[in-house]
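Student: Next up, coords_21.cif (mmCIF, C-alpha atoms).
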data_work
loop_
_atom_site.group_PDB
_atom_site.id
_atom_site.type_symbol
_atom_site.label_atom_id
_atom_site.label_comp_id
_atom_site.auth_asym_id
_atom_site.auth_seq_id
_atom_site.Cartn_x
_atom_site.Cartn_y
_atom_site.Cartn_z
ATOM 1 C CA MET A 1350 -6.386 15.259 18.012
ATOM 2 C CA PRO A 1351 -2.746 14.627 17.031
ATOM 3 C CA TRP A 1352 -1.926 12.452 14.032
ATOM 4 C CA PRO A 1353 -1.556 9.561 13.479
ATOM 5 C CA LEU A 1354 -4.724 8.293 15.097
ATOM 6 C CA ILE A 1355 -4.625 4.747 16.489
ATOM 7 C CA ILE A 1356 -7.955 3.177 17.425
ATOM 8 C CA PRO A 1357 -7.935 0.406 20.077
ATOM 9 C CA HIS A 1358 -9.207 -2.893 18.697
ATOM 10 C CA ASN A 1359 -12.016 -3.014 21.264
ATOM 11 C CA ALA A 1360 -13.186 0.541 20.622
ATOM 12 C CA THR A 1361 -16.915 1.039 20.173
ATOM 13 C CA PHE A 1362 -18.762 3.803 18.418
ATOM 14 C CA ASN A 1363 -21.998 4.505 16.607
ATOM 15 C CA GLN A 1364 -21.508 3.343 13.028
ATOM 16 C CA SER A 1365 -24.267 5.537 11.569
ATOM 17 C CA ALA A 1366 -22.835 8.530 13.376
ATOM 18 C CA VAL A 1367 -19.432 7.782 11.878
ATOM 19 C CA SER A 1368 -20.962 7.565 8.418
ATOM 20 C CA ASN A 1369 -22.692 10.907 8.723
ATOM 21 C CA MET A 1370 -20.309 12.766 10.993
ATOM 22 C CA ASP A 1371 -19.513 16.333 10.141
ATOM 23 C CA PHE A 1372 -15.780 16.600 9.535
ATOM 24 C CA ILE A 1373 -13.666 18.755 7.272
ATOM 25 C CA LYS A 1374 -12.582 17.021 4.084
ATOM 26 C CA ILE A 1375 -9.163 18.467 3.475
ATOM 27 C CA THR A 1376 -9.120 16.591 0.172
ATOM 28 C CA GLU A 1377 -12.033 18.761 -1.014
ATOM 29 C CA GLN A 1378 -10.657 22.127 0.083
ATOM 30 C CA PRO A 1379 -9.907 24.691 -2.665
ATOM 31 C CA SER A 1380 -6.536 24.593 -4.360
ATOM 32 C CA PRO A 1381 -4.082 27.270 -3.215
ATOM 33 C CA TYR A 1382 -3.734 28.143 -6.909
ATOM 34 C CA ASP A 1383 -6.826 29.883 -8.276
ATOM 35 C CA ASN A 1384 -5.572 30.733 -11.751
ATOM 36 C CA LEU A 1385 -4.169 27.495 -13.143
ATOM 37 C CA ASP A 1386 -5.750 28.113 -16.516
ATOM 38 C CA ARG A 1387 -3.768 31.354 -16.863
ATOM 39 C CA MET A 1388 -0.409 29.944 -15.806
ATOM 40 C CA SER A 1389 2.439 29.069 -18.136
ATOM 41 C CA THR A 1390 3.533 25.457 -18.408
ATOM 42 C CA ALA A 1391 6.586 26.208 -16.280
ATOM 43 C CA GLU A 1392 4.435 27.823 -13.578
ATOM 44 C CA ILE A 1393 2.068 24.852 -13.483
ATOM 45 C CA LEU A 1394 4.944 22.391 -13.192
ATOM 46 C CA GLN A 1395 6.563 24.444 -10.444
ATOM 47 C CA ALA A 1396 3.273 24.582 -8.534
ATOM 48 C CA ILE A 1397 2.821 20.811 -8.755
ATOM 49 C CA ASN A 1398 6.406 20.212 -7.702
ATOM 50 C CA SER A 1399 6.074 22.627 -4.795
ATOM 51 C CA GLU A 1400 2.997 20.787 -3.518
ATOM 52 C CA ASP A 1401 4.578 17.357 -4.045
ATOM 53 C CA ARG A 1402 7.407 18.367 -1.697
ATOM 54 C CA LYS A 1403 4.870 18.321 1.144
ATOM 55 C CA VAL A 1404 3.989 14.647 0.679
ATOM 56 C CA ALA A 1405 7.064 13.068 2.290
ATOM 57 C CA ASP A 1406 6.617 15.185 5.420
ATOM 58 C CA ALA A 1407 2.971 14.153 5.678
ATOM 59 C CA VAL A 1408 3.939 10.484 5.367
ATOM 60 C CA ALA A 1409 6.687 10.944 7.977
ATOM 61 C CA ARG A 1410 4.095 12.073 10.511
ATOM 62 C CA ALA A 1411 2.231 8.789 9.961
ATOM 63 C CA ILE A 1412 5.251 6.544 10.603
ATOM 64 C CA PRO A 1413 4.200 5.517 14.148
ATOM 65 C CA ALA A 1414 0.935 4.104 12.784
ATOM 66 C CA ILE A 1415 2.687 2.462 9.835
ATOM 67 C CA GLU A 1416 5.187 0.884 12.245
ATOM 68 C CA ARG A 1417 2.403 -0.562 14.371
ATOM 69 C CA LEU A 1418 0.740 -2.020 11.290
ATOM 70 C CA VAL A 1419 3.931 -3.563 9.883
ATOM 71 C CA GLU A 1420 4.900 -5.221 13.150
ATOM 72 C CA ALA A 1421 1.441 -6.764 13.527
ATOM 73 C CA LEU A 1422 1.360 -7.718 9.832
ATOM 74 C CA VAL A 1423 4.710 -9.531 9.976
ATOM 75 C CA GLU A 1424 3.602 -11.475 13.030
ATOM 76 C CA ARG A 1425 0.480 -12.600 11.152
ATOM 77 C CA MET A 1426 2.384 -13.444 7.982
ATOM 78 C CA ARG A 1427 4.694 -15.683 9.982
ATOM 79 C CA ARG A 1428 1.579 -17.608 11.005
ATOM 80 C CA GLY A 1429 0.376 -17.951 7.422
ATOM 81 C CA GLY A 1430 -1.577 -14.706 7.147
ATOM 82 C CA ARG A 1431 -1.903 -12.535 4.072
ATOM 83 C CA LEU A 1432 -2.137 -8.814 3.356
ATOM 84 C CA PHE A 1433 -5.145 -7.445 1.490
ATOM 85 C CA TYR A 1434 -5.497 -3.956 0.068
ATOM 86 C CA ILE A 1435 -8.955 -2.690 -0.820
ATOM 87 C CA GLY A 1436 -9.821 0.547 -2.597
ATOM 88 C CA ALA A 1437 -11.708 2.223 -5.416
ATOM 89 C CA GLY A 1438 -10.421 4.261 -8.343
ATOM 90 C CA THR A 1439 -6.867 5.538 -7.949
ATOM 91 C CA SER A 1440 -6.655 4.153 -4.416
ATOM 92 C CA GLY A 1441 -7.676 0.686 -5.579
ATOM 93 C CA ARG A 1442 -5.255 0.766 -8.491
ATOM 94 C CA LEU A 1443 -2.358 1.670 -6.205
ATOM 95 C CA GLY A 1444 -3.167 -1.251 -3.916
ATOM 96 C CA VAL A 1445 -3.276 -3.641 -6.857
ATOM 97 C CA LEU A 1446 -0.003 -2.193 -8.153
ATOM 98 C CA ASP A 1447 1.810 -2.718 -4.866
ATOM 99 C CA ALA A 1448 0.472 -6.264 -4.563
ATOM 100 C CA SER A 1449 1.537 -7.115 -8.115
ATOM 101 C CA GLU A 1450 5.138 -6.088 -7.435
ATOM 102 C CA ILE A 1451 5.721 -8.430 -4.500
ATOM 103 C CA PRO A 1452 6.250 -11.709 -6.447
ATOM 104 C CA PRO A 1453 8.857 -10.355 -8.903
ATOM 105 C CA THR A 1454 10.671 -8.232 -6.326
ATOM 106 C CA PHE A 1455 10.740 -10.618 -3.381
ATOM 107 C CA GLY A 1456 9.950 -14.025 -4.886
ATOM 108 C CA MET A 1457 6.807 -14.481 -2.812
ATOM 109 C CA PRO A 1458 3.614 -16.154 -4.100
ATOM 110 C CA PRO A 1459 0.993 -13.818 -5.586
ATOM 111 C CA SER A 1460 -1.472 -14.972 -2.950
ATOM 112 C CA LEU A 1461 0.534 -13.342 -0.124
ATOM 113 C CA VAL A 1462 -0.400 -9.748 -0.951
ATOM 114 C CA VAL A 1463 -3.715 -9.258 -2.745
ATOM 115 C CA GLY A 1464 -5.143 -6.054 -4.203
ATOM 116 C CA VAL A 1465 -8.936 -5.763 -4.415
ATOM 117 C CA ILE A 1466 -10.515 -2.904 -6.388
ATOM 118 C CA ALA A 1467 -14.130 -1.831 -6.659
ATOM 119 C CA GLY A 1468 -15.452 -2.937 -10.040
ATOM 120 C CA GLY A 1469 -12.881 -5.706 -10.499
ATOM 121 C CA GLU A 1470 -10.181 -5.912 -13.146
ATOM 122 C CA ARG A 1471 -12.083 -3.696 -15.600
ATOM 123 C CA ALA A 1472 -11.752 -0.859 -13.107
ATOM 124 C CA LEU A 1473 -7.965 -0.966 -13.424
ATOM 125 C CA ARG A 1474 -8.304 0.775 -16.783
ATOM 126 C CA SER A 1475 -11.756 2.337 -16.852
ATOM 127 C CA PRO A 1476 -14.156 3.699 -14.233
ATOM 128 C CA VAL A 1477 -16.971 1.328 -13.261
ATOM 129 C CA GLU A 1478 -20.049 3.393 -12.548
ATOM 130 C CA GLY A 1479 -21.375 3.116 -9.001
ATOM 131 C CA ALA A 1480 -18.842 0.485 -7.906
ATOM 132 C CA GLU A 1481 -17.388 2.555 -5.088
ATOM 133 C CA ASP A 1482 -20.851 3.253 -3.624
ATOM 134 C CA ASP A 1483 -21.720 -0.415 -3.040
ATOM 135 C CA THR A 1484 -21.568 -1.151 0.690
ATOM 136 C CA GLU A 1485 -21.897 -4.937 0.285
ATOM 137 C CA GLN A 1486 -19.575 -5.766 -2.598
ATOM 138 C CA GLY A 1487 -16.299 -4.987 -0.822
ATOM 139 C CA TRP A 1488 -16.796 -7.674 1.783
ATOM 140 C CA ALA A 1489 -18.100 -10.066 -0.873
ATOM 141 C CA ASP A 1490 -14.939 -9.505 -2.926
ATOM 142 C CA LEU A 1491 -12.765 -10.213 0.108
ATOM 143 C CA ALA A 1492 -14.788 -13.282 1.054
ATOM 144 C CA ALA A 1493 -14.164 -14.675 -2.424
ATOM 145 C CA HIS A 1494 -10.471 -14.829 -1.451
ATOM 146 C CA GLY A 1495 -11.287 -16.617 1.803
ATOM 147 C CA ILE A 1496 -10.101 -13.757 4.015
ATOM 148 C CA ASN A 1497 -9.879 -14.833 7.660
ATOM 149 C CA GLU A 1498 -8.683 -13.756 11.108
ATOM 150 C CA ARG A 1499 -5.030 -14.538 10.305
ATOM 151 C CA ASP A 1500 -5.075 -11.943 7.521
ATOM 152 C CA THR A 1501 -4.652 -8.160 7.522
ATOM 153 C CA LEU A 1502 -6.797 -5.708 5.569
ATOM 154 C CA VAL A 1503 -5.678 -2.211 4.574
ATOM 155 C CA GLY A 1504 -8.393 0.051 3.205
ATOM 156 C CA ILE A 1505 -7.195 2.902 0.996
ATOM 157 C CA ALA A 1506 -9.368 5.983 0.425
ATOM 158 C CA ALA A 1507 -8.108 9.546 0.145
ATOM 159 C CA SER A 1508 -11.423 10.938 1.347
ATOM 160 C CA GLY A 1509 -11.830 8.285 4.009
ATOM 161 C CA THR A 1510 -15.496 8.020 3.089
ATOM 162 C CA THR A 1511 -15.663 5.586 0.156
ATOM 163 C CA PRO A 1512 -18.610 3.256 1.021
ATOM 164 C CA TYR A 1513 -17.100 0.182 -0.693
ATOM 165 C CA VAL A 1514 -13.954 0.518 1.410
ATOM 166 C CA VAL A 1515 -15.350 1.699 4.730
ATOM 167 C CA ALA A 1516 -18.034 -1.001 4.852
ATOM 168 C CA ALA A 1517 -15.512 -3.734 3.987
ATOM 169 C CA VAL A 1518 -13.118 -2.562 6.704
ATOM 170 C CA ARG A 1519 -15.933 -2.543 9.269
ATOM 171 C CA ARG A 1520 -17.002 -6.065 8.341
ATOM 172 C CA ALA A 1521 -13.418 -7.298 8.468
ATOM 173 C CA ARG A 1522 -12.882 -5.828 11.908
ATOM 174 C CA GLU A 1523 -16.130 -7.373 13.128
ATOM 175 C CA ASN A 1524 -14.752 -10.730 11.955
ATOM 176 C CA GLY A 1525 -11.538 -10.424 13.958
ATOM 177 C CA ILE A 1526 -9.308 -9.344 11.065
ATOM 178 C CA LEU A 1527 -6.649 -6.705 11.749
ATOM 179 C CA THR A 1528 -7.596 -3.584 9.808
ATOM 180 C CA ALA A 1529 -5.902 -0.339 8.842
ATOM 181 C CA GLY A 1530 -6.974 2.639 6.784
ATOM 182 C CA ILE A 1531 -4.829 4.930 4.648
ATOM 183 C CA THR A 1532 -6.496 8.310 4.206
ATOM 184 C CA SER A 1533 -5.759 12.001 3.745
ATOM 185 C CA ASN A 1534 -8.550 13.192 6.046
ATOM 186 C CA PRO A 1535 -8.166 12.961 9.845
ATOM 187 C CA ARG A 1536 -11.053 11.529 11.849
ATOM 188 C CA SER A 1537 -12.728 10.198 8.715
ATOM 189 C CA PRO A 1538 -15.139 7.236 8.753
ATOM 190 C CA LEU A 1539 -12.314 5.022 7.474
ATOM 191 C CA SER A 1540 -10.017 6.115 10.312
ATOM 192 C CA LEU A 1541 -12.704 5.444 12.899
ATOM 193 C CA SER A 1542 -13.630 2.080 11.374
ATOM 194 C CA ALA A 1543 -10.101 0.635 11.342
ATOM 195 C CA ASP A 1544 -7.872 -0.644 14.138
ATOM 196 C CA ILE A 1545 -5.006 1.507 12.876
ATOM 197 C CA ALA A 1546 -5.523 4.859 11.171
ATOM 198 C CA ILE A 1547 -2.711 5.920 8.835
ATOM 199 C CA GLU A 1548 -3.482 9.580 8.208
ATOM 200 C CA MET A 1549 -1.037 11.255 5.823
ATOM 201 C CA VAL A 1550 -2.597 14.685 5.535
ATOM 202 C CA VAL A 1551 -1.116 16.208 2.408
ATOM 203 C CA GLY A 1552 -3.450 19.206 2.166
ATOM 204 C CA PRO A 1553 -5.533 20.497 -0.758
ATOM 205 C CA GLU A 1554 -4.567 19.364 -4.246
ATOM 206 C CA VAL A 1555 -3.278 21.647 -7.015
ATOM 207 C CA VAL A 1556 -6.448 20.807 -8.939
ATOM 208 C CA THR A 1557 -9.169 20.941 -6.289
ATOM 209 C CA GLY A 1558 -10.301 17.469 -5.252
ATOM 210 C CA SER A 1559 -7.950 15.617 -7.624
ATOM 211 C CA SER A 1560 -6.692 13.100 -5.085
ATOM 212 C CA ARG A 1561 -4.816 11.167 -7.760
ATOM 213 C CA MET A 1562 -2.100 13.769 -7.195
ATOM 214 C CA LYS A 1563 -0.626 14.338 -3.707
ATOM 215 C CA SER A 1564 -2.915 11.853 -1.984
ATOM 216 C CA GLY A 1565 -2.113 9.192 -4.579
ATOM 217 C CA THR A 1566 1.608 9.867 -4.260
ATOM 218 C CA GLY A 1567 1.371 9.544 -0.489
ATOM 219 C CA GLN A 1568 -0.624 6.319 -0.759
ATOM 220 C CA LYS A 1569 2.025 4.809 -3.025
ATOM 221 C CA MET A 1570 4.749 5.797 -0.570
ATOM 222 C CA VAL A 1571 2.898 4.248 2.361
ATOM 223 C CA CYS A 1572 2.213 0.998 0.470
ATOM 224 C CA ASN A 1573 5.895 0.817 -0.501
ATOM 225 C CA MET A 1574 6.855 1.242 3.140
ATOM 226 C CA ILE A 1575 4.425 -1.403 4.386
ATOM 227 C CA THR A 1576 5.398 -4.203 2.035
ATOM 228 C CA THR A 1577 9.108 -3.435 1.729
ATOM 229 C CA SER A 1578 9.642 -3.311 5.488
ATOM 230 C CA ALA A 1579 7.555 -6.463 5.919
ATOM 231 C CA MET A 1580 9.555 -8.349 3.296
ATOM 232 C CA ILE A 1581 12.833 -7.263 4.898
ATOM 233 C CA ALA A 1582 11.576 -8.500 8.270
ATOM 234 C CA LEU A 1583 10.632 -11.816 6.650
ATOM 235 C CA GLY A 1584 14.182 -12.303 5.366
ATOM 236 C CA ARG A 1585 13.558 -11.592 1.688
ATOM 237 C CA VAL A 1586 16.410 -9.058 1.508
ATOM 238 C CA LYS A 1587 20.111 -9.644 2.254
ATOM 239 C CA GLY A 1588 21.945 -6.474 3.205
ATOM 240 C CA ASN A 1589 20.283 -4.102 0.771
ATOM 241 C CA ARG A 1590 19.774 -6.533 -2.106
ATOM 242 C CA MET A 1591 16.771 -8.319 -3.608
ATOM 243 C CA VAL A 1592 18.231 -11.806 -3.339
ATOM 244 C CA ASN A 1593 14.843 -13.464 -3.910
ATOM 245 C CA MET A 1594 13.808 -11.539 -7.026
ATOM 246 C CA GLN A 1595 12.392 -13.491 -9.950
ATOM 247 C CA LEU A 1596 14.821 -13.892 -12.862
ATOM 248 C CA SER A 1597 12.295 -12.723 -15.424
ATOM 249 C CA ASN A 1598 14.603 -10.922 -17.876
ATOM 250 C CA ASP A 1599 18.229 -10.482 -18.864
ATOM 251 C CA LYS A 1600 18.652 -7.353 -16.723
ATOM 252 C CA LEU A 1601 17.663 -9.245 -13.572
ATOM 253 C CA VAL A 1602 19.832 -12.235 -14.445
ATOM 254 C CA ASP A 1603 22.760 -9.840 -14.845
ATOM 255 C CA ARG A 1604 21.913 -8.135 -11.536
ATOM 256 C CA GLY A 1605 21.722 -11.488 -9.766
ATOM 257 C CA THR A 1606 24.963 -12.660 -11.306
ATOM 258 C CA ARG A 1607 26.772 -9.569 -10.053
ATOM 259 C CA MET A 1608 25.350 -10.081 -6.578
ATOM 260 C CA ILE A 1609 26.663 -13.641 -6.448
ATOM 261 C CA SER A 1610 30.021 -12.558 -7.804
ATOM 262 C CA ASP A 1611 30.253 -9.837 -5.142
ATOM 263 C CA TYR A 1612 29.329 -12.195 -2.304
ATOM 264 C CA THR A 1613 31.449 -15.177 -3.404
ATOM 265 C CA GLY A 1614 34.291 -13.733 -5.442
ATOM 266 C CA LEU A 1615 33.407 -16.030 -8.348
ATOM 267 C CA PRO A 1616 34.106 -14.857 -11.916
ATOM 268 C CA TYR A 1617 31.042 -13.511 -13.712
ATOM 269 C CA GLN A 1618 30.381 -16.572 -15.885
ATOM 270 C CA ASP A 1619 30.735 -18.986 -12.950
ATOM 271 C CA ALA A 1620 28.400 -16.834 -10.867
ATOM 272 C CA ARG A 1621 25.880 -16.788 -13.713
ATOM 273 C CA ARG A 1622 25.947 -20.573 -14.043
ATOM 274 C CA LEU A 1623 25.417 -20.921 -10.273
ATOM 275 C CA LEU A 1624 22.482 -18.496 -10.390
ATOM 276 C CA LEU A 1625 20.739 -20.236 -13.266
ATOM 277 C CA LEU A 1626 21.304 -23.628 -11.672
ATOM 278 C CA HIS A 1627 19.563 -22.661 -8.414
ATOM 279 C CA GLY A 1628 17.033 -20.126 -9.735
ATOM 280 C CA SER A 1629 17.641 -17.305 -7.264
ATOM 281 C CA VAL A 1630 20.492 -15.436 -5.633
ATOM 282 C CA SER A 1631 19.342 -16.614 -2.222
ATOM 283 C CA GLU A 1632 19.390 -20.305 -3.128
ATOM 284 C CA ALA A 1633 22.679 -19.966 -4.984
ATOM 285 C CA LEU A 1634 24.315 -18.398 -1.948
ATOM 286 C CA LYS A 1635 22.908 -21.076 0.358
ATOM 287 C CA ASN A 1636 24.407 -23.767 -1.804
ATOM 288 C CA PHE A 1637 27.710 -21.911 -1.860
ATOM 289 C CA ASN A 1638 27.548 -21.732 1.950
ATOM 290 C CA VAL A 1639 27.356 -17.952 2.088
ATOM 291 C CA LYS A 1640 25.411 -16.812 5.162
#
Reformat the file's structure so that it appears as structure tokens.
Tutor:
Amino acid sequence: MPWPLIIPHNATFNQSAVSNMDFIKITEQPSPYDNLDRMSTAEILQAINSEDRKVADAVARAIPAIERLVEALVERMRRGGRLFYIGAGTSGRLGVLDASEIPPTFGMPPSLVVGVIAGGERALRSPVEGAEDDTEQGWADLAAHGINERDTLVGIAASGTTPYVVAAVRRARENGILTAGITSNPRSPLSLSADIAIEMVVGPEVVTGSSRMKSGTGQKMVCNMITTSAMIALGRVKGNRMVNMQLSNDKLVDRGTRMISDYTGLPYQDARRLLLLHGSVSEALKNFNVK
């Protein structure tokens, strides 16, 4: 079946069959390099770089599914909906990372994009034994945030089989929540459990099964694409500039000042005073009547 796979919202299938289906885990296939321990440092780095070059092409093939997700997500956000990421291990950490960058970059509340990871905050730094195998905790963690049918849930799992993630996505879909799955394995349980399957098939890893590498890179790229395009659609970017960024340090104050100076023609110090008075480039420009 061609990628990306898109599952109709009213699709039906045998859940136990999906859980136990026999499919090829590309993420577990042997590395194309069988002598890493005998390579020089330069050879190892070249091998990693060579494999990393394949990631962008794999993500490009998933753009139709990403587009469908973003357009539905923006529509829901305009009605007060939120975006949730859920994952375990590296996948969970990448979701939390993307969520954490939305407030400072786009000036949105931290409740708009929420990252949920198996094992909770402790799992951001250290593995939590057995957390990813719990089929009930994922939905419980989402329910603690009051997830509802206006929201969107994106499950992230390189293998597409992580019980914590797959079970949570199934429960969310059963409750009328738009769901998507980011995975590196086509036709995985995660793909078949979600409304929208984002399958960026990057191939075997340099170190066999180490999905923190190409799969993790691809996941980060996809998350960047989802939230950045959504924030642009929601008016949080002007031209190509982060006019709603939080002024959390001197570098960002300087960046904002230069933006205002460019848009208005004001001298640097006047632009800086205007920025600090209104708290963001966007508000400063509004009050200066710049559209």
Student: Return the single residue from A:Ala1529, A:Ala1414, A:Ala1516, A:Met1608 that is closest to Asn1593 of chain A, with distances computed using only C-alpha atoms.
Tutor: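 The shortest atom-to-atom distance to Asn1593 of chain A comes from A:Met1608.
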Student: Identify which of the residues A:Gln1595, A:Lys1587, A:Phe1433, A:Thr1557 lies closest to Asp1383 of chain A, counting only C-alpha atoms when measuring atom-to-atom distances.
Tutor: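 That would be A:Thr1557, the residue with the smallest distance to Asp1383 of chain A.
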Student: Please report the interatomic distance between atom CA of Ala1521 of chain A and atom CA of Gly1438 of chain A in Å with one decimal.
Tutor: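 Distance reported for this atom pair: 20.6 Å.
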Student: Write out as an MDAnalysis selection string the residues lying within 10 Å of Ala1582 of chain A, counting only C-alpha atoms and excluding same-chain residues fewer than 2 positions away.
Tutor: chainID A and resid 1419:1420 1423:1424 1576:1580 1584:1586
Student: On this structure, which residues satisfy the PyMOL selection byres ((chain A and resi 1444) around 9), written as a list in words?
Tutor: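 Selected by the PyMOL selection byres ((chain A and resi 1444) around 9) here: Phe1433, Tyr1434, Ile1435, Gly1436, Thr1439, Ser1440, Gly1441, Arg1442, Leu1443, Val1445, Leu1446, Asp1447, Ala1448, Ser1449, Val1463, Gly1464, Val1465, Ile1466, Val1503, Gly1504, Ile1505, Gln1568, Lys1569 and Cys1572 of chain A.
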Student: Using all atoms listed in the file, can you tell me which of A:Ala1467, A:Leu1634, A:Val1555, A:Leu1539 comes closest to Leu1394 of chain A?
Tutor: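 Of all the options, A:Val1555 lies closest to Leu1394 of chain A.
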Student: Translate the PyMOL selection byres ((chain A and resi 1527) around 12), as applied to the file shown, into an explicit residue set as a PyMOL selection string.
Tutor: chain A and resi 1356-1359+1417-1426+1430-1433+1496-1504+1518-1526+1528-1530+1542-1546
Student: Written as a VMD selection string, which residues does the PyMOL selection byres ((chain A and resi 1475-1484) around 10) give for the file shown?
Tutor: chain A and resid 1436 to 1439 1441 1466 to 1474 1485 to 1489 1510 to 1517
Student: Atom CA of Met1591 of chain A and atom CA of Met1562 of chain A are how many Å apart?
Tutor: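 Answer for the atom CA of Met1591 of chain A to atom CA of Met1562 of chain A separation: 29.3 Å.
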Student: Take atom CA of Thr1454 of chain A and atom CA of Arg1428 of chain A and report the distance between them in Å, one decimal.
Tutor: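 According to the coordinates, atom CA of Thr1454 of chain A and atom CA of Arg1428 of chain A are separated by 21.7 Å.
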Student: Might you pull out every residue within 10 Å of Asp1619 of chain A, with only C-alpha atoms counted and same-chain residues fewer than 5 positions away left off, and present them as JSON, numbers by chain?
Tutor: {"A": [1606, 1609, 1610, 1614, 1624]}
Student: Near Ile1375 of chain A, counting only C-alpha atoms, which residues have an atom at most 6 Å away, once you skip same-chain residues fewer than 2 positions from it, shown as a PyMOL selection string?
Tutor: chain A and resi 1373+1377-1378+1534+1552-1553
Student: For the selection just defined, write its residues with C-alpha atoms to a file, as an mmCIF file, in the coordinates of the input.
Tutor:
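Writing the result to again_3.cif gives the following:
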data_model
loop_
_atom_site.group_PDB
_atom_site.id
_atom_site.type_symbol
_atom_site.label_atom_id
_atom_site.label_comp_id
_atom_site.auth_asym_id
_atom_site.auth_seq_id
_atom_site.Cartn_x
_atom_site.Cartn_y
_atom_site.Cartn_z
ATOM 1 C CA ILE A 1373 -13.666 18.755 7.272
ATOM 2 C CA GLU A 1377 -12.033 18.761 -1.014
ATOM 3 C CA GLN A 1378 -10.657 22.127 0.083
ATOM 4 C CA ASN A 1534 -8.550 13.192 6.046
ATOM 5 C CA GLY A 1552 -3.450 19.206 2.166
ATOM 6 C CA PRO A 1553 -5.533 20.497 -0.758
#
Student: Name all residues at most 12 Å from Asn1638 of chain A (count all atoms listed in the file; drop same-chain ones fewer than 3 positions away) and give them as a VMD selection string.
Tutor: chain A and resid 1609 1612 to 1613 1631 to 1635
Student: Between A:Leu1461, A:Thr1566, A:Gln1618, A:Asp1406, which has the minimum distance to Gly1429 of chain A (counting all atoms listed in the file)?
Tutor: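 Closest residue, counting all atoms listed in the file: A:Leu1461.
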Student: Mind working out the centre and edge lengths of an axis-aligned box for segment 1540-1555 of chain A, all listed atoms inside, 5 Å added to each side, rounded to one decimal in Å and written as AutoDock Vina command-line options?
Tutor:
--center_x -7.3 --center_y 10.5 --center_z 3.6 --size_x 22.6 --size_y 32.3 --size_z 31.2
